[in-house]
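Step one of this worksheet: look at the structure below.
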Amino acid sequence: MILVNIESLSVDELRGIAEQEGIGNIEALSREDIIELLREKYEEEDDSEIARNDPNLRYLSGITDYREISDYVEGLPGVEELPESYPETEIHLILRNSSWAYCFWSVASLMSDHIADEGGSLLLAVEIHVDGRTETYDVPVSMTDSEWNIGIPYGDGYCQVSLVSVIDGERRSLAVSGRITLVYSYWLSHKDEMRESDALYRIYLSMLSSKEGELAPSATVRDIISAFREADTDE
Amino acid sequence: MNKINLILHAHLPYVRHIEYPKFLEENWLFESLNETYIPMLRMLERLDSEGVGYRISICFSPTLITMLTDPALQERFVGYMNERIELGEKEAERTRREEPECLEMAMRYLEEARRNLEVFQGYEGNILTGYRNLADRNHIELLTTAATHAYLPVYKDYPTAINAQVVMGLRTHRRIFGQGAKGFWLPECGYYPGLDKVLAGHGVSWCQLASHAALTARTKSQCGGYRPVELPSGVIGFVRDWSLTSLVWSNVSGYPCDGDYRDFYRDIGYYMPMDYIRPYIHEPEIRCFTGYKYHAITGKTEDKRFYDPHKAEEKVALHVDNFLYNIKRKGIMIDASGIEDPVFNLCYDAELFGHRWYEGISFLEGVIRKASASSDFSLTTPTSVILEDGRTERMEPNESSWGAGGYSDIWLDGSNAWTYRHIMKAIDRMQDLTHRFPDQGSLKGRFLNQASREVLLAMASDWTCIMHDNTSVTYAEKRLRNHLGSFNVVFSSMSRNTVNTEWLINAERRNVIFPDIDYNLFDPDKLEDYS
């Protein structure tokens, strides 16, 4: 459910997702193995009747598709097909979580035809400005691609992506996304203070752990709490 | 003293299909009215009449209050209730004859339906009057939320759309309740740095924040969310307490999971013979909830035992005590850590109580009664905390939400990411229309206003959430396409500088929402005027 174009992701991206999903021994797995394992994982989640019958589901999560047959709503007024693409060349970047941003773009057909006619290609030029450093890298994409997941780090800074055409080795920026602010956590940047912050750690933990000891489901929470625990262990 | 901010969020997406004699998704509203909004009002009025001193906060979303004050939907609710009552009378006879174990509950449902209808009609169909009366008596702080409950962080590159969601949320609240709201419920607790500035610009005093906002903040939090936080704009944030909220909302051990409580899913609409149940389900023979449910959760088994309301009542009393015990125990720990008079912010969807958790209203009543009578607790509201206490901690939270993962994964995943391409294009084009056709009156103004309504309705977080949850996906997708398609009708007509009058009249009849909208809200050059 979480993935977009799973086959189009790089091995590094897939490993990052697999790690988040709790799949172990990632380094030893091939790209195909990771894709297969992720697919199985998401199919399991989709099929989970237990989750569906959870009495505590939020209202919208628990609303009922009474019909379960799409034919009955075909007659809704105003329904029409949406265009597959729009005539403007543009690119958008949205923060999805602390590790990933979602990027989508469109290329005007005239521009697209021109690039194809010239035997050119497209790429995403990713710029990440974090903690005073700048990292840049390219992600080659096909002319039919229109979305991508961009891995992002924690830190003080931002990420921006440009859609670039490459014709005869010459790069031309077609569109630039807005900037997304990276997740900067005070505690992840000040781990040295953790050892002296035992009382604060207990306060945080009391807010974010259930009576069974489960942590609130957030990778950032897990990362910070783990760092606190490690600092405590170091002591 | 442990300060408890109980903040309930009542929201449903705008669903209104008067063009059909009956429309199943309208039952979302009718079920919530019969099982949550009216029973909760009755409970709160009862406490008031008994002199129980309590304060809670309730957010009624603009889409919900629009539906609750819609005469056509009010009329249809009466029809829905009359059917429930007729079915209840049949059920009383049937259970007396065939299933005596279920008779007590059949009678109870029937009596509840009669009483709820009476209350509804007593308010001439508008139960919000009752809630407003309680607000006037200082029991409830009423707050609002984004116009169509858009998940705002994903739209932060579109300040006009964010502004329109905030403005129309506040404006709708004022139009229907007759007074402004100081509090603004961030849909899905969705915050991004800078959003508070928009809220401050419109006079909002406070909002709620996700539970992890304090721990993961850009600045060091010394109070961990147990004291109100001052956001960079001066708006006060109240951090939701995940630990205490989970006592109710955990899908592992939350109170509503108790085997003695009534099962939500086992409804006679799904298992009684078709000849019997046909008049009370949807044509053509589509089974649906009727509200008549006789089984207890029992456990993770298909073999459910009959529900025993007396056993459930005892369990409610235990859970009320356990809930307050946990708050008190936690208060002692927090106080010992140097944070005096901690504030516990307990945020829930209102529909959890009564609708999904049948005993939830009794639980709330028990919590309110016991907390009000105890010197250990103070049931309060965020505005009261700000005015009466004033101690805050400055904080700069990151982008965050209460969704799984803590960010935007629910509303931006493989099932729904495609929607943003279209919604954002519609916002772009709406902005473009405001430049090409500024300050239009009469027919063109109405046409453009309708376009802005459609954009707002398309932005609702409900559609992407439903897609993620894989529940009523077809309906959600159709609705989204409907709104975007309707917007495109205006865009293409205005591109030819024409107005499709017949379409406009039908569209205005179809979506009777935001009568006071002004499409110029989407003009980027006029943004300053609104903020």
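Order determines the names: the first chain of the structure tokens is A, the second B, and so forth; residues in each chain are numbered 1 upward, and ligands are numbered 1 upward as they are shown.
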Could you list, with a cut-off of 6 Å and counting only C-alpha atoms, the residues of chain B near chain A, each shown with its nearest atom pair and the distance in Å rounded to one decimal, rows sorted by chain and ascending number, as CSV?
```
residue,atom,partner,partner_atom,distance
B:Thr216,CA,A:Ser185,CA,5.3
B:Ala217,CA,A:Ser185,CA,5.5
B:Arg218,CA,A:Ser185,CA,4.8
B:Thr219,CA,A:Tyr186,CA,5.3
B:Lys220,CA,A:Tyr186,CA,5.9
B:Gly224,CA,A:Tyr204,CA,5.4
B:Asp241,CA,A:Met207,CA,5.7
B:Trp242,CA,A:Leu208,CA,5.4
B:Ser243,CA,A:Ser210,CA,4.9
B:Trp249,CA,A:Asn56,CA,5.6
B:Asn251,CA,A:Asn56,CA,5.7
B:Cys288,CA,A:Tyr66,CA,5.7
B:Ala404,CA,A:Pro217,CA,5.8
B:Gly405,CA,A:Ser218,CA,4.1
B:Gly406,CA,A:Ser218,CA,5.2
B:Tyr407,CA,A:Asn97,CA,5.0
B:Ser408,CA,A:Arg96,CA,4.9
B:Asp409,CA,A:Arg96,CA,5.6
B:Asp413,CA,A:Ile2,CA,4.8
B:Gly414,CA,A:Val4,CA,4.7
B:Asp469,CA,A:Ser61,CA,5.8
B:Thr471,CA,A:Asp65,CA,5.8
B:Ser472,CA,A:Asp65,CA,4.4
B:Arg481,CA,A:Val79,CA,5.8
B:Asn482,CA,A:Val79,CA,4.5
B:Gly485,CA,A:Glu80,CA,5.8
```
Could those residues be written to a file, using N, CA and C atoms, as a PDB file, in the first residue's frame?
```
ATOM      1  N   THR B 216       9.842  15.154  19.092  1.00  0.00           N
ATOM      2  CA  THR B 216      10.564  15.248  17.813  1.00  0.00           C
ATOM      3  C   THR B 216      10.785  16.692  17.370  1.00  0.00           C
ATOM      4  N   ALA B 217      10.438  17.658  18.227  1.00  0.00           N
ATOM      5  CA  ALA B 217      10.460  19.069  17.810  1.00  0.00           C
ATOM      6  C   ALA B 217      11.858  19.547  17.409  1.00  0.00           C
ATOM      7  N   ARG B 218      11.865  20.670  16.726  1.00  0.00           N
ATOM      8  CA  ARG B 218      13.119  21.299  16.296  1.00  0.00           C
ATOM      9  C   ARG B 218      13.818  21.981  17.476  1.00  0.00           C
ATOM     10  N   THR B 219      13.056  22.192  18.538  1.00  0.00           N
ATOM     11  CA  THR B 219      13.617  22.802  19.739  1.00  0.00           C
ATOM     12  C   THR B 219      13.472  21.815  20.896  1.00  0.00           C
ATOM     13  N   LYS B 220      14.212  22.067  21.948  1.00  0.00           N
ATOM     14  CA  LYS B 220      14.186  21.140  23.087  1.00  0.00           C
ATOM     15  C   LYS B 220      12.955  21.407  23.952  1.00  0.00           C
ATOM     16  N   GLY B 224       7.620  18.125  27.571  1.00  0.00           N
ATOM     17  CA  GLY B 224       7.160  16.918  26.880  1.00  0.00           C
ATOM     18  C   GLY B 224       5.720  16.950  26.408  1.00  0.00           C
ATOM     19  N   ASP B 241      -2.160  13.501  24.148  1.00  0.00           N
ATOM     20  CA  ASP B 241      -1.495  12.498  24.981  1.00  0.00           C
ATOM     21  C   ASP B 241      -1.760  11.106  24.408  1.00  0.00           C
ATOM     22  N   TRP B 242      -0.729  10.551  23.782  1.00  0.00           N
ATOM     23  CA  TRP B 242      -0.909   9.253  23.105  1.00  0.00           C
ATOM     24  C   TRP B 242      -1.124   8.134  24.125  1.00  0.00           C
ATOM     25  N   SER B 243      -0.394   8.222  25.214  1.00  0.00           N
ATOM     26  CA  SER B 243      -0.456   7.163  26.213  1.00  0.00           C
ATOM     27  C   SER B 243      -1.870   7.026  26.791  1.00  0.00           C
ATOM     28  N   TRP B 249      -8.117   3.937  22.761  1.00  0.00           N
ATOM     29  CA  TRP B 249      -8.009   3.761  21.323  1.00  0.00           C
ATOM     30  C   TRP B 249      -7.049   2.668  20.877  1.00  0.00           C
ATOM     31  N   ASN B 251      -5.780  -0.681  19.596  1.00  0.00           N
ATOM     32  CA  ASN B 251      -6.485  -1.802  18.961  1.00  0.00           C
ATOM     33  C   ASN B 251      -6.068  -3.140  19.557  1.00  0.00           C
ATOM     34  N   CYS B 288     -27.306  -3.785   4.805  1.00  0.00           N
ATOM     35  CA  CYS B 288     -26.555  -2.709   5.455  1.00  0.00           C
ATOM     36  C   CYS B 288     -26.884  -2.733   6.952  1.00  0.00           C
ATOM     37  N   ALA B 404      -0.645   6.966  11.245  1.00  0.00           N
ATOM     38  CA  ALA B 404       0.401   5.970  11.479  1.00  0.00           C
ATOM     39  C   ALA B 404       1.698   6.449  10.838  1.00  0.00           C
ATOM     40  N   GLY B 405       2.770   6.405  11.597  1.00  0.00           N
ATOM     41  CA  GLY B 405       4.055   6.886  11.111  1.00  0.00           C
ATOM     42  C   GLY B 405       4.336   8.304  11.562  1.00  0.00           C
ATOM     43  N   GLY B 406       3.271   9.054  11.842  1.00  0.00           N
ATOM     44  CA  GLY B 406       3.456  10.401  12.385  1.00  0.00           C
ATOM     45  C   GLY B 406       3.568  11.504  11.366  1.00  0.00           C
ATOM     46  N   TYR B 407       3.521  11.119  10.080  1.00  0.00           N
ATOM     47  CA  TYR B 407       3.637  12.148   9.032  1.00  0.00           C
ATOM     48  C   TYR B 407       2.453  12.001   8.065  1.00  0.00           C
ATOM     49  N   SER B 408       2.747  11.935   6.762  1.00  0.00           N
ATOM     50  CA  SER B 408       1.658  11.991   5.774  1.00  0.00           C
ATOM     51  C   SER B 408       1.397  10.662   5.080  1.00  0.00           C
ATOM     52  N   ASP B 409       1.932   9.575   5.601  1.00  0.00           N
ATOM     53  CA  ASP B 409       1.836   8.304   4.875  1.00  0.00           C
ATOM     54  C   ASP B 409       0.406   7.840   4.604  1.00  0.00           C
ATOM     55  N   ASP B 413      -0.006   7.761  -0.213  1.00  0.00           N
ATOM     56  CA  ASP B 413       0.606   6.453  -0.409  1.00  0.00           C
ATOM     57  C   ASP B 413       0.257   5.949  -1.815  1.00  0.00           C
ATOM     58  N   GLY B 414       0.568   4.695  -2.063  1.00  0.00           N
ATOM     59  CA  GLY B 414       0.369   4.159  -3.409  1.00  0.00           C
ATOM     60  C   GLY B 414      -1.075   4.170  -3.868  1.00  0.00           C
ATOM     61  N   ASP B 469      -7.466   3.247   3.427  1.00  0.00           N
ATOM     62  CA  ASP B 469      -8.043   2.198   4.268  1.00  0.00           C
ATOM     63  C   ASP B 469      -8.740   1.108   3.472  1.00  0.00           C
ATOM     64  N   THR B 471     -11.731   1.040   2.195  1.00  0.00           N
ATOM     65  CA  THR B 471     -13.110   0.770   2.623  1.00  0.00           C
ATOM     66  C   THR B 471     -14.067   1.119   1.481  1.00  0.00           C
ATOM     67  N   SER B 472     -14.649   2.323   1.507  1.00  0.00           N
ATOM     68  CA  SER B 472     -15.577   2.684   0.420  1.00  0.00           C
ATOM     69  C   SER B 472     -14.816   3.374  -0.717  1.00  0.00           C
ATOM     70  N   ARG B 481     -13.502  12.436  -8.301  1.00  0.00           N
ATOM     71  CA  ARG B 481     -13.592  12.693  -9.736  1.00  0.00           C
ATOM     72  C   ARG B 481     -14.749  13.633 -10.042  1.00  0.00           C
ATOM     73  N   ASN B 482     -15.827  13.455  -9.306  1.00  0.00           N
ATOM     74  CA  ASN B 482     -16.999  14.302  -9.479  1.00  0.00           C
ATOM     75  C   ASN B 482     -16.644  15.770  -9.255  1.00  0.00           C
ATOM     76  N   GLY B 485     -14.121  16.933 -11.840  1.00  0.00           N
ATOM     77  CA  GLY B 485     -14.809  17.054 -13.127  1.00  0.00           C
ATOM     78  C   GLY B 485     -15.678  18.299 -13.160  1.00  0.00           C
TER      79      GLY B 485
END
```
> So which residues touch range 325-332 of chain B within 12 Å, counting only C-alpha atoms, skipping near sequence neighbours fewer than 6 positions away, as a VMD selection string?
Replying inline: (chain A and resid 202 to 203 205 to 207 210 to 211) or (chain B and resid 1 to 5 226 241 243 to 248 318 to 319 338 to 346 367 370 to 371 374 to 378)
For the residues selected in the previous step, produce a file with C-alpha atoms as a PDB file, in the first residue's frame.
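Contents of again_27.pdb, freshly written:
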```
ATOM      1  CA  ARG A 202      10.862   9.480  31.352  1.00  0.00           C
ATOM      2  CA  ILE A 203       8.474  12.352  30.667  1.00  0.00           C
ATOM      3  CA  LEU A 205       8.229   8.066  27.363  1.00  0.00           C
ATOM      4  CA  SER A 206       5.158   8.560  29.527  1.00  0.00           C
ATOM      5  CA  MET A 207       3.540  10.536  26.732  1.00  0.00           C
ATOM      6  CA  SER A 210       1.094   2.506  25.942  1.00  0.00           C
ATOM      7  CA  LYS A 211       0.519   0.586  29.135  1.00  0.00           C
TER       8      LYS A 211
ATOM      9  CA  MET B   1      -4.527  19.144  40.102  1.00  0.00           C
ATOM     10  CA  ASN B   2      -4.617  17.252  36.812  1.00  0.00           C
ATOM     11  CA  LYS B   3      -6.114  19.364  34.058  1.00  0.00           C
ATOM     12  CA  ILE B   4      -7.987  17.334  31.472  1.00  0.00           C
ATOM     13  CA  ASN B   5      -8.766  18.753  28.075  1.00  0.00           C
ATOM     14  CA  TYR B 226       2.286  18.330  29.425  1.00  0.00           C
ATOM     15  CA  ASP B 241      -1.495  12.498  24.981  1.00  0.00           C
ATOM     16  CA  SER B 243      -0.456   7.163  26.213  1.00  0.00           C
ATOM     17  CA  LEU B 244      -3.785   8.099  27.830  1.00  0.00           C
ATOM     18  CA  THR B 245      -5.629   8.224  24.542  1.00  0.00           C
ATOM     19  CA  SER B 246      -4.482   4.675  23.846  1.00  0.00           C
ATOM     20  CA  LEU B 247      -6.310   3.407  26.899  1.00  0.00           C
ATOM     21  CA  VAL B 248      -9.407   3.900  24.806  1.00  0.00           C
ATOM     22  CA  LEU B 318     -14.484  -0.451  35.915  1.00  0.00           C
ATOM     23  CA  HIS B 319     -13.061   1.227  32.835  1.00  0.00           C
ATOM     24  CA  GLY B 338       8.746  19.332  38.238  1.00  0.00           C
ATOM     25  CA  ILE B 339       5.811  20.061  35.943  1.00  0.00           C
ATOM     26  CA  GLU B 340       3.064  21.351  38.211  1.00  0.00           C
ATOM     27  CA  ASP B 341      -0.577  20.998  37.221  1.00  0.00           C
ATOM     28  CA  PRO B 342       0.079  19.008  34.051  1.00  0.00           C
ATOM     29  CA  VAL B 343      -2.404  19.370  31.217  1.00  0.00           C
ATOM     30  CA  PHE B 344      -3.603  16.147  29.612  1.00  0.00           C
ATOM     31  CA  ASN B 345      -5.017  16.604  26.144  1.00  0.00           C
ATOM     32  CA  LEU B 346      -7.283  13.739  25.194  1.00  0.00           C
ATOM     33  CA  VAL B 367     -15.586   9.983  33.376  1.00  0.00           C
ATOM     34  CA  LYS B 370     -16.329  11.200  38.555  1.00  0.00           C
ATOM     35  CA  ALA B 371     -13.727  13.719  37.414  1.00  0.00           C
ATOM     36  CA  SER B 374     -12.978  14.776  42.454  1.00  0.00           C
ATOM     37  CA  SER B 375     -10.454  17.329  43.622  1.00  0.00           C
ATOM     38  CA  ASP B 376      -7.767  15.416  41.730  1.00  0.00           C
ATOM     39  CA  PHE B 377      -9.029  16.523  38.341  1.00  0.00           C
ATOM     40  CA  SER B 378     -10.155  19.620  36.563  1.00  0.00           C
TER      41      SER B 378
END
```
>> If you run DSSP on the backbone here, which positions in range 148-216 of chain B get helix (DSSP H, G or I)? Please write them as a ChimeraX atom specification.
In response: /B:152-155,159-177,187-189,195-201,211-213
Which of range 89-227 of chain A fall in strand (DSSP E or B), as an mmCIF file with C-alpha atoms, in the first residue's frame:
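Okay, this is what ended up in part25.cif:
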```cif
data_model
loop_
_atom_site.group_PDB
_atom_site.id
_atom_site.type_symbol
_atom_site.label_atom_id
_atom_site.label_comp_id
_atom_site.auth_asym_id
_atom_site.auth_seq_id
_atom_site.Cartn_x
_atom_site.Cartn_y
_atom_site.Cartn_z
ATOM 1 C CA GLU A 90 5.944 21.160 -13.864
ATOM 2 C CA ILE A 91 7.206 19.237 -10.883
ATOM 3 C CA HIS A 92 5.941 18.920 -7.307
ATOM 4 C CA LEU A 93 7.572 17.579 -4.173
ATOM 5 C CA ILE A 94 5.646 16.608 -1.026
ATOM 6 C CA LEU A 95 7.060 15.404 2.289
ATOM 7 C CA TRP A 100 10.831 9.990 2.026
ATOM 8 C CA ALA A 101 9.417 12.677 -0.196
ATOM 9 C CA TYR A 102 7.022 12.050 -3.034
ATOM 10 C CA CYS A 103 7.733 13.706 -6.334
ATOM 11 C CA PHE A 104 5.439 13.920 -9.364
ATOM 12 C CA TRP A 105 5.754 15.792 -12.605
ATOM 13 C CA SER A 106 4.351 16.310 -16.064
ATOM 14 C CA SER A 121 16.324 11.803 -21.886
ATOM 15 C CA LEU A 122 14.949 13.047 -18.592
ATOM 16 C CA LEU A 123 16.344 13.012 -15.123
ATOM 17 C CA LEU A 124 15.546 14.327 -11.698
ATOM 18 C CA ALA A 125 18.269 16.494 -10.220
ATOM 19 C CA VAL A 126 17.939 16.137 -6.467
ATOM 20 C CA GLU A 127 19.438 18.819 -4.218
ATOM 21 C CA ILE A 128 19.573 18.255 -0.512
ATOM 22 C CA HIS A 129 20.852 21.051 1.698
ATOM 23 C CA VAL A 130 21.394 19.662 5.149
ATOM 24 C CA ARG A 133 26.248 20.739 3.368
ATOM 25 C CA THR A 134 24.809 20.322 -0.098
ATOM 26 C CA GLU A 135 24.294 16.922 -1.649
ATOM 27 C CA THR A 136 23.234 16.560 -5.250
ATOM 28 C CA TYR A 137 22.533 13.504 -7.332
ATOM 29 C CA ASP A 138 20.622 12.568 -10.446
ATOM 30 C CA VAL A 139 17.863 10.026 -10.865
ATOM 31 C CA PRO A 140 17.415 8.994 -14.506
ATOM 32 C CA VAL A 141 13.736 8.560 -15.332
ATOM 33 C CA GLU A 147 6.389 9.988 -10.078
ATOM 34 C CA TRP A 148 9.267 8.988 -7.832
ATOM 35 C CA ASN A 149 10.125 8.610 -4.180
ATOM 36 C CA ILE A 150 13.114 10.605 -3.008
ATOM 37 C CA GLY A 151 15.042 9.449 0.035
ATOM 38 C CA GLY A 157 17.749 22.043 5.687
ATOM 39 C CA TYR A 158 15.606 21.356 2.695
ATOM 40 C CA CYS A 159 15.245 19.267 -0.404
ATOM 41 C CA GLN A 160 14.392 20.450 -3.891
ATOM 42 C CA VAL A 161 14.103 18.551 -7.154
ATOM 43 C CA SER A 162 14.511 19.789 -10.711
ATOM 44 C CA LEU A 163 13.182 18.092 -13.799
ATOM 45 C CA VAL A 164 15.994 18.149 -16.328
ATOM 46 C CA SER A 165 16.211 17.208 -19.985
ATOM 47 C CA VAL A 166 19.468 15.923 -21.392
ATOM 48 C CA ILE A 167 19.991 16.288 -25.139
ATOM 49 C CA GLU A 170 23.439 19.241 -22.580
ATOM 50 C CA ARG A 171 21.284 19.639 -19.453
ATOM 51 C CA ARG A 172 18.337 21.954 -19.381
ATOM 52 C CA SER A 173 16.164 22.559 -16.339
ATOM 53 C CA LEU A 174 12.505 22.243 -17.319
ATOM 54 C CA ALA A 175 10.881 22.827 -13.944
ATOM 55 C CA VAL A 176 11.886 23.169 -10.308
ATOM 56 C CA ILE A 180 10.370 20.751 1.435
ATOM 57 C CA THR A 181 11.771 21.277 4.901
ATOM 58 C CA SER A 209 4.139 4.620 25.291
ATOM 59 C CA LEU A 215 5.700 3.131 21.411
#
```
Residues within 8 Å of Ala476 in chain B, please, as a short mmCIF file (atom, residue, chain, number, x, y, z; two decimals) with C-alpha atoms, in the first residue's frame. Count only C-alpha atoms; anything in the same chain fewer than 5 positions from it doesn't count.
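The resulting selection24.cif:
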```
data_model
loop_
_atom_site.label_atom_id
_atom_site.label_comp_id
_atom_site.auth_asym_id
_atom_site.auth_seq_id
_atom_site.Cartn_x
_atom_site.Cartn_y
_atom_site.Cartn_z
CA ASP B 462 -11.69 11.78 3.74
CA TRP B 463 -11.31 10.63 0.15
CA THR B 464 -7.60 9.86 0.38
CA ILE B 466 -10.80 6.00 2.51
CA MET B 467 -8.57 5.01 -0.41
#
```
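The interatomic distance for the pair CA of Val455 in chain B and CA of Leu480 in chain B works out to 9.6 Å.
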> Any idea what the distance is between CA of Leu64 in chain B and CA of Ser250 in chain B?
Replying inline: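 Separation of CA of Leu64 in chain B and CA of Ser250 in chain B: 26.1 Å.
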> If we count only C-alpha atoms, what is near Lys304 in chain B at a cut-off of 12 Å, once residues fewer than 2 positions away on the same chain are taken out, given as a list of chain:residue names?
Replying inline: B:Gly259, B:Asp260, B:Tyr261, B:Arg262, B:Asp263, B:Phe264, B:Tyr265, B:Arg266, B:Asp267, B:Lys293, B:Tyr294, B:His295, B:Ala296, B:Ile297, B:Thr298, B:Gly299, B:Lys300, B:Thr301, B:Glu302, B:Phe306, B:Tyr307, B:Asp308
Written file, previous selection with N, CA and C atoms, as a PDB file, in the first residue's frame:
```
ATOM      1  N   GLY B 259     -14.405  -7.978  25.561  1.00  0.00           N
ATOM      2  CA  GLY B 259     -15.328  -8.987  25.046  1.00  0.00           C
ATOM      3  C   GLY B 259     -16.759  -8.829  25.512  1.00  0.00           C
ATOM      4  N   ASP B 260     -16.979  -8.110  26.616  1.00  0.00           N
ATOM      5  CA  ASP B 260     -18.343  -7.932  27.122  1.00  0.00           C
ATOM      6  C   ASP B 260     -19.088  -6.809  26.415  1.00  0.00           C
ATOM      7  N   TYR B 261     -18.349  -5.997  25.697  1.00  0.00           N
ATOM      8  CA  TYR B 261     -19.015  -4.889  25.008  1.00  0.00           C
ATOM      9  C   TYR B 261     -19.708  -5.381  23.740  1.00  0.00           C
ATOM     10  N   ARG B 262     -20.627  -4.553  23.286  1.00  0.00           N
ATOM     11  CA  ARG B 262     -21.436  -4.959  22.132  1.00  0.00           C
ATOM     12  C   ARG B 262     -20.609  -4.967  20.850  1.00  0.00           C
ATOM     13  N   ASP B 263     -20.869  -5.978  20.042  1.00  0.00           N
ATOM     14  CA  ASP B 263     -20.156  -6.084  18.773  1.00  0.00           C
ATOM     15  C   ASP B 263     -20.754  -5.111  17.757  1.00  0.00           C
ATOM     16  N   PHE B 264     -19.876  -4.421  17.056  1.00  0.00           N
ATOM     17  CA  PHE B 264     -20.316  -3.408  16.091  1.00  0.00           C
ATOM     18  C   PHE B 264     -20.814  -4.040  14.789  1.00  0.00           C
ATOM     19  N   TYR B 265     -20.238  -5.157  14.421  1.00  0.00           N
ATOM     20  CA  TYR B 265     -20.461  -5.688  13.071  1.00  0.00           C
ATOM     21  C   TYR B 265     -21.649  -6.631  12.952  1.00  0.00           C
ATOM     22  N   ARG B 266     -21.969  -7.362  14.024  1.00  0.00           N
ATOM     23  CA  ARG B 266     -23.026  -8.380  13.928  1.00  0.00           C
ATOM     24  C   ARG B 266     -24.385  -7.673  14.012  1.00  0.00           C
ATOM     25  N   ASP B 267     -24.937  -7.365  12.861  1.00  0.00           N
ATOM     26  CA  ASP B 267     -26.155  -6.555  12.773  1.00  0.00           C
ATOM     27  C   ASP B 267     -27.203  -7.374  12.016  1.00  0.00           C
ATOM     28  N   LYS B 293     -28.372  -4.824  16.983  1.00  0.00           N
ATOM     29  CA  LYS B 293     -27.219  -5.713  17.163  1.00  0.00           C
ATOM     30  C   LYS B 293     -27.343  -6.352  18.540  1.00  0.00           C
ATOM     31  N   TYR B 294     -27.211  -7.665  18.590  1.00  0.00           N
ATOM     32  CA  TYR B 294     -27.516  -8.380  19.838  1.00  0.00           C
ATOM     33  C   TYR B 294     -26.353  -9.182  20.407  1.00  0.00           C
ATOM     34  N   HIS B 295     -25.181  -9.029  19.823  1.00  0.00           N
ATOM     35  CA  HIS B 295     -24.080  -9.887  20.256  1.00  0.00           C
ATOM     36  C   HIS B 295     -22.956  -9.088  20.906  1.00  0.00           C
ATOM     37  N   ALA B 296     -22.241  -9.765  21.763  1.00  0.00           N
ATOM     38  CA  ALA B 296     -21.070  -9.158  22.403  1.00  0.00           C
ATOM     39  C   ALA B 296     -19.837  -9.458  21.553  1.00  0.00           C
ATOM     40  N   ILE B 297     -18.806  -8.644  21.727  1.00  0.00           N
ATOM     41  CA  ILE B 297     -17.581  -8.852  20.949  1.00  0.00           C
ATOM     42  C   ILE B 297     -17.046 -10.264  21.178  1.00  0.00           C
ATOM     43  N   THR B 298     -17.139 -10.717  22.410  1.00  0.00           N
ATOM     44  CA  THR B 298     -16.783 -12.083  22.810  1.00  0.00           C
ATOM     45  C   THR B 298     -15.277 -12.341  22.680  1.00  0.00           C
ATOM     46  N   GLY B 299     -14.763 -12.185  21.500  1.00  0.00           N
ATOM     47  CA  GLY B 299     -13.336 -12.460  21.243  1.00  0.00           C
ATOM     48  C   GLY B 299     -13.147 -12.560  19.751  1.00  0.00           C
ATOM     49  N   LYS B 300     -11.948 -12.986  19.349  1.00  0.00           N
ATOM     50  CA  LYS B 300     -11.704 -13.099  17.912  1.00  0.00           C
ATOM     51  C   LYS B 300     -12.273 -14.413  17.406  1.00  0.00           C
ATOM     52  N   THR B 301     -13.588 -14.460  17.418  1.00  0.00           N
ATOM     53  CA  THR B 301     -14.272 -15.678  17.006  1.00  0.00           C
ATOM     54  C   THR B 301     -15.551 -15.316  16.277  1.00  0.00           C
ATOM     55  N   GLU B 302     -15.989 -16.202  15.435  1.00  0.00           N
ATOM     56  CA  GLU B 302     -17.250 -15.992  14.745  1.00  0.00           C
ATOM     57  C   GLU B 302     -18.433 -16.362  15.639  1.00  0.00           C
ATOM     58  N   PHE B 306     -24.541 -13.774  23.190  1.00  0.00           N
ATOM     59  CA  PHE B 306     -25.490 -12.663  23.250  1.00  0.00           C
ATOM     60  C   PHE B 306     -24.971 -11.584  24.191  1.00  0.00           C
ATOM     61  N   TYR B 307     -25.299 -10.367  23.843  1.00  0.00           N
ATOM     62  CA  TYR B 307     -24.849  -9.205  24.606  1.00  0.00           C
ATOM     63  C   TYR B 307     -25.647  -9.084  25.897  1.00  0.00           C
ATOM     64  N   ASP B 308     -24.935  -8.828  26.978  1.00  0.00           N
ATOM     65  CA  ASP B 308     -25.582  -8.639  28.269  1.00  0.00           C
ATOM     66  C   ASP B 308     -25.335  -7.190  28.713  1.00  0.00           C
TER      67      ASP B 308
END
```
> What gap, in Å, lies between CA of Tyr255 in chain B and CA of Glu21 in chain A?
Replying inline: 28.0 Å
> Out of B:Tyr420, B:Cys189, B:Gln222, B:Thr160, which residue has the shortest atom-to-atom distance to Ile334 in chain B when counting only C-alpha atoms?
Replying inline: B:Gln222
> Counting only C-alpha atoms, what is within 10 Å of range 177-183 of chain B, bar same-chain residues fewer than 6 positions away, as a PyMOL selection string?
Replying inline: chain B and resi 57-59+65+128-129+131-133+135+141-145+169-171+199+202-208+235-237+381-383
> Which residues come within 9 Å of Ser112 in chain A, counting only C-alpha atoms, excluding same-chain residues fewer than 5 positions away, as an NGL selection string?
Replying inline: :A and (107 or 117 or 143)
